[in-house]
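Remarks on the structure that follows.
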Amino acid sequence: MITHRLAYRRYALPLRAPVRTAHGVWTVREGLIVRAETPEGQVGYGEAAPIPGFGRETVGADEAMLHKLGDTIHAERLAVVPSELGALRQALAAATGPTVGAARREHLPVAALLPAGRDALKRIEPFAEAGFRTFKWKVGVGDTADEIVLLDDVLARLPEGAKLRLDANGAWDRRTAERWLGRCADCPIEHVEQPIAAGARQATDLLLGLAGDYPTPIALDESLVGAGDVEHWLEVGWPGIFVVKPALLGDSAQVLERLATARARVVFSSALETAVGAQHALRTAFAWAGDAEVASKPAPVRALGFGVWPLFADARFDGPALAPFVRRQDVDRIDAEAVWNALS
C-alpha cells in the first residue's frame, strides 16, 4: 500500500466576468487544490471544487475532511471520505491514482457558452467567425416571455448548420418548461438542460414526463451530483442526455463504465474549475468510448461544455485557450504544479 504525503491549498479566485445563471450571479470561484507525493518523489494533483447548489458538499466541508486526514493518505484512509464529498473523493483519487486511460481521439469539439439575455446576441458572430458550431445559451434568468421572443433572434444569428443548447439551470416550473419545450419542438435545439430543479417535488416524475411528451431531448445536469444520482437515473431508464461533470463524480471511472454499458448519451462539462481539475476532466472526456455499439469504433463525441475560458481574472488558473476544438496535446501541456505554486 502506497502512502502519499498530502497537502492542500484553498483558493478564492475572482472570475474575469460575472457568470449569470438562474441561481444568481457568480463572481468568485472557491475550491481546493490537493497535492500528493509518494516516498519516491512522484507528485500528483487534484482539485475539489464543489458547485453551490449541486448537492450539499461545500468547500468548508472538504477542507474539514482534509484537516481530519492529516498529512498522509493511502487507500484505506481514502475510503473514509464520505460519498457525499464527491468532489473531494475525485480530487484525492486524481492526485494519488494512475492517469486516466489512453486517449481515443486527438481533438474534441467544444460548445461556445453564450451569456444570458440580449448579451448573447453580441457574442454569436465572434464565436461563429472563430469556427464554433455548437452554442449553449443560459435561459431562465430573465422574464420567460422576453426570453422566448429573444430565442428567434438568437437562432437567426447562428451560422448555417449550427446547434443550440438551452440551459435553464432548473429555473422553470412544469408549466414554464412545457411552454419552452413546445416552442423548441419547431426549432433546431440540440437539447434543453435541466428544465426542472433537481430538488423539486417529484422531480424524477416531472422530468421523465417532459422527456416523454416532447421531441426536444432533455439533459440532466444539476440532477447528477455524484455516482448515486447517475445510478438512479440509469435505473429509472432516463431517455435523455447525461451532462457529466467529472470533477463532481467521486469515482468517475466506475460511473463512466456504467454509462458506457448502458450506451447512455453523454456530454462532458466543466465545473468552472481551475486548470488542475480541467486537465483531469478533459482527459476523462478524451478516453470516453462514446455511445457506439462497438467500443473499438468510438462514436463522435458531443461538443464539450468547456467553452468557459478565459474564466479567471488571473489567467494562470485557466485551462486551454477557448477554441472550437480542444487538442489532447494542449490538455497534456497543462502544468498543475504551476497552478499549485501560483497559490503560494
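Here, A, B, ... name the chains of the C-alpha cells in the order displayed, residue numbers run from 1 inside each chain, and ligands are numbered from 1 in the same displayed order.
Those residues that approach A:Ser344 to within 8 Å, counting only C-alpha atoms, are Arg9, Trp340 and Asn341 of chain A; same-chain residues fewer than 3 positions away are not listed.
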Write out the residues from the selection above, keeping N, CA, C and O atoms, as a short mmCIF file (atom, residue, chain, number, x, y, z; two decimals), in the first residue's frame.
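Final output, again-v7.cif:
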data_model
loop_
_atom_site.label_atom_id
_atom_site.label_comp_id
_atom_site.auth_asym_id
_atom_site.auth_seq_id
_atom_site.Cartn_x
_atom_site.Cartn_y
_atom_site.Cartn_z
N ARG A 9 -4.15 23.43 -0.72
CA ARG A 9 -4.25 24.89 -0.67
C ARG A 9 -5.66 25.29 -1.11
O ARG A 9 -6.16 24.80 -2.13
N TRP A 340 -0.42 25.16 -8.59
CA TRP A 340 -0.14 25.00 -7.16
C TRP A 340 0.78 26.10 -6.65
O TRP A 340 0.51 26.73 -5.62
N ASN A 341 1.83 26.39 -7.40
CA ASN A 341 2.79 27.41 -6.98
C ASN A 341 2.15 28.81 -7.02
O ASN A 341 2.51 29.68 -6.21
#
TODO: DSSP on the backbone, then: every residue of stretch 48-225 of chain A marked strand (DSSP E), written as number ranges by chain.
DONE: A: 48, 72-73, 107-109, 112-114, 134-138, 163-167, 189-193, 218-220
Task: Close residues, A:Val266 itself excluded, 12 Å, only C-alpha atoms, min 4 positions apart in chain, as a ChimeraX atom specification - done: /A:191,218-221,224,230,238-246,255-260,262,285,288-292,299-305
Task: Exercise: A:Val100 partners within 8 Å, only C-alpha atoms, chain neighbours under 5 positions left out, as a PyMOL selection string - done: chain A and resi 280+283-284+287
Hey, can you spit out that residue selection with C-alpha atoms as a JSON list (two decimals), in the first residue's frame?
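Written out: result_19.json:
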[["chain", "number", "residue", "atom", "x", "y", "z"],
["A", 280, "HIS", "CA", -8.38, 15.55, -15.32],
["A", 283, "ARG", "CA", -8.54, 13.55, -20.11],
["A", 284, "THR", "CA", -11.63, 11.67, -18.99],
["A", 287, "ALA", "CA", -10.75, 8.50, -23.00]]
If you count only C-alpha atoms, which residues fall within 10 Å of A:Met1, apart from same-chain ones fewer than 6 positions away, as an mmCIF file with all heavy atoms, in the first residue's frame?
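As a result, part_0.cif now contains:
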data_model
loop_
_atom_site.group_PDB
_atom_site.id
_atom_site.type_symbol
_atom_site.label_atom_id
_atom_site.label_comp_id
_atom_site.auth_asym_id
_atom_site.auth_seq_id
_atom_site.Cartn_x
_atom_site.Cartn_y
_atom_site.Cartn_z
ATOM 1 N N HIS A 74 -3.591 7.140 2.124
ATOM 2 C CA HIS A 74 -3.442 5.874 1.406
ATOM 3 C C HIS A 74 -4.845 5.325 1.169
ATOM 4 O O HIS A 74 -5.846 5.954 1.551
ATOM 5 C CB HIS A 74 -2.563 4.879 2.171
ATOM 6 C CG HIS A 74 -2.954 4.684 3.601
ATOM 7 N ND1 HIS A 74 -4.075 3.991 3.993
ATOM 8 C CD2 HIS A 74 -2.365 5.122 4.758
ATOM 9 C CE1 HIS A 74 -4.172 3.981 5.309
ATOM 10 N NE2 HIS A 74 -3.145 4.665 5.799
ATOM 11 N N ALA A 75 -4.939 4.175 0.523
ATOM 12 C CA ALA A 75 -6.236 3.667 0.064
ATOM 13 C C ALA A 75 -7.241 3.524 1.199
ATOM 14 O O ALA A 75 -8.414 3.885 1.049
ATOM 15 C CB ALA A 75 -6.040 2.333 -0.649
ATOM 16 N N GLU A 76 -6.803 3.016 2.344
ATOM 17 C CA GLU A 76 -7.743 2.799 3.440
ATOM 18 C C GLU A 76 -8.269 4.123 3.985
ATOM 19 O O GLU A 76 -9.442 4.243 4.325
ATOM 20 C CB GLU A 76 -7.082 1.978 4.543
ATOM 21 C CG GLU A 76 -6.855 0.520 4.164
ATOM 22 C CD GLU A 76 -6.289 -0.294 5.312
ATOM 23 O OE1 GLU A 76 -6.070 0.290 6.402
ATOM 24 O OE2 GLU A 76 -6.052 -1.498 5.127
#
TODO: Grab the atom CA of A:Arg157 to atom CA of A:Val110 distance for me, in Å with one decimal place.
DONE: 18.7 Å
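If you measure from each of A:Ala203, A:Leu234, A:Leu208, A:Leu113 to A:Arg263 using only C-alpha atoms, the closest one turns out to be A:Leu234.
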- [ ] Looking only at helix (DSSP H, G or I) from DSSP on the backbone, list the matching residues of stretch 68-108 of chain A as a ChimeraX atom specification.
- [x] /A:68-69,75-78,86-96
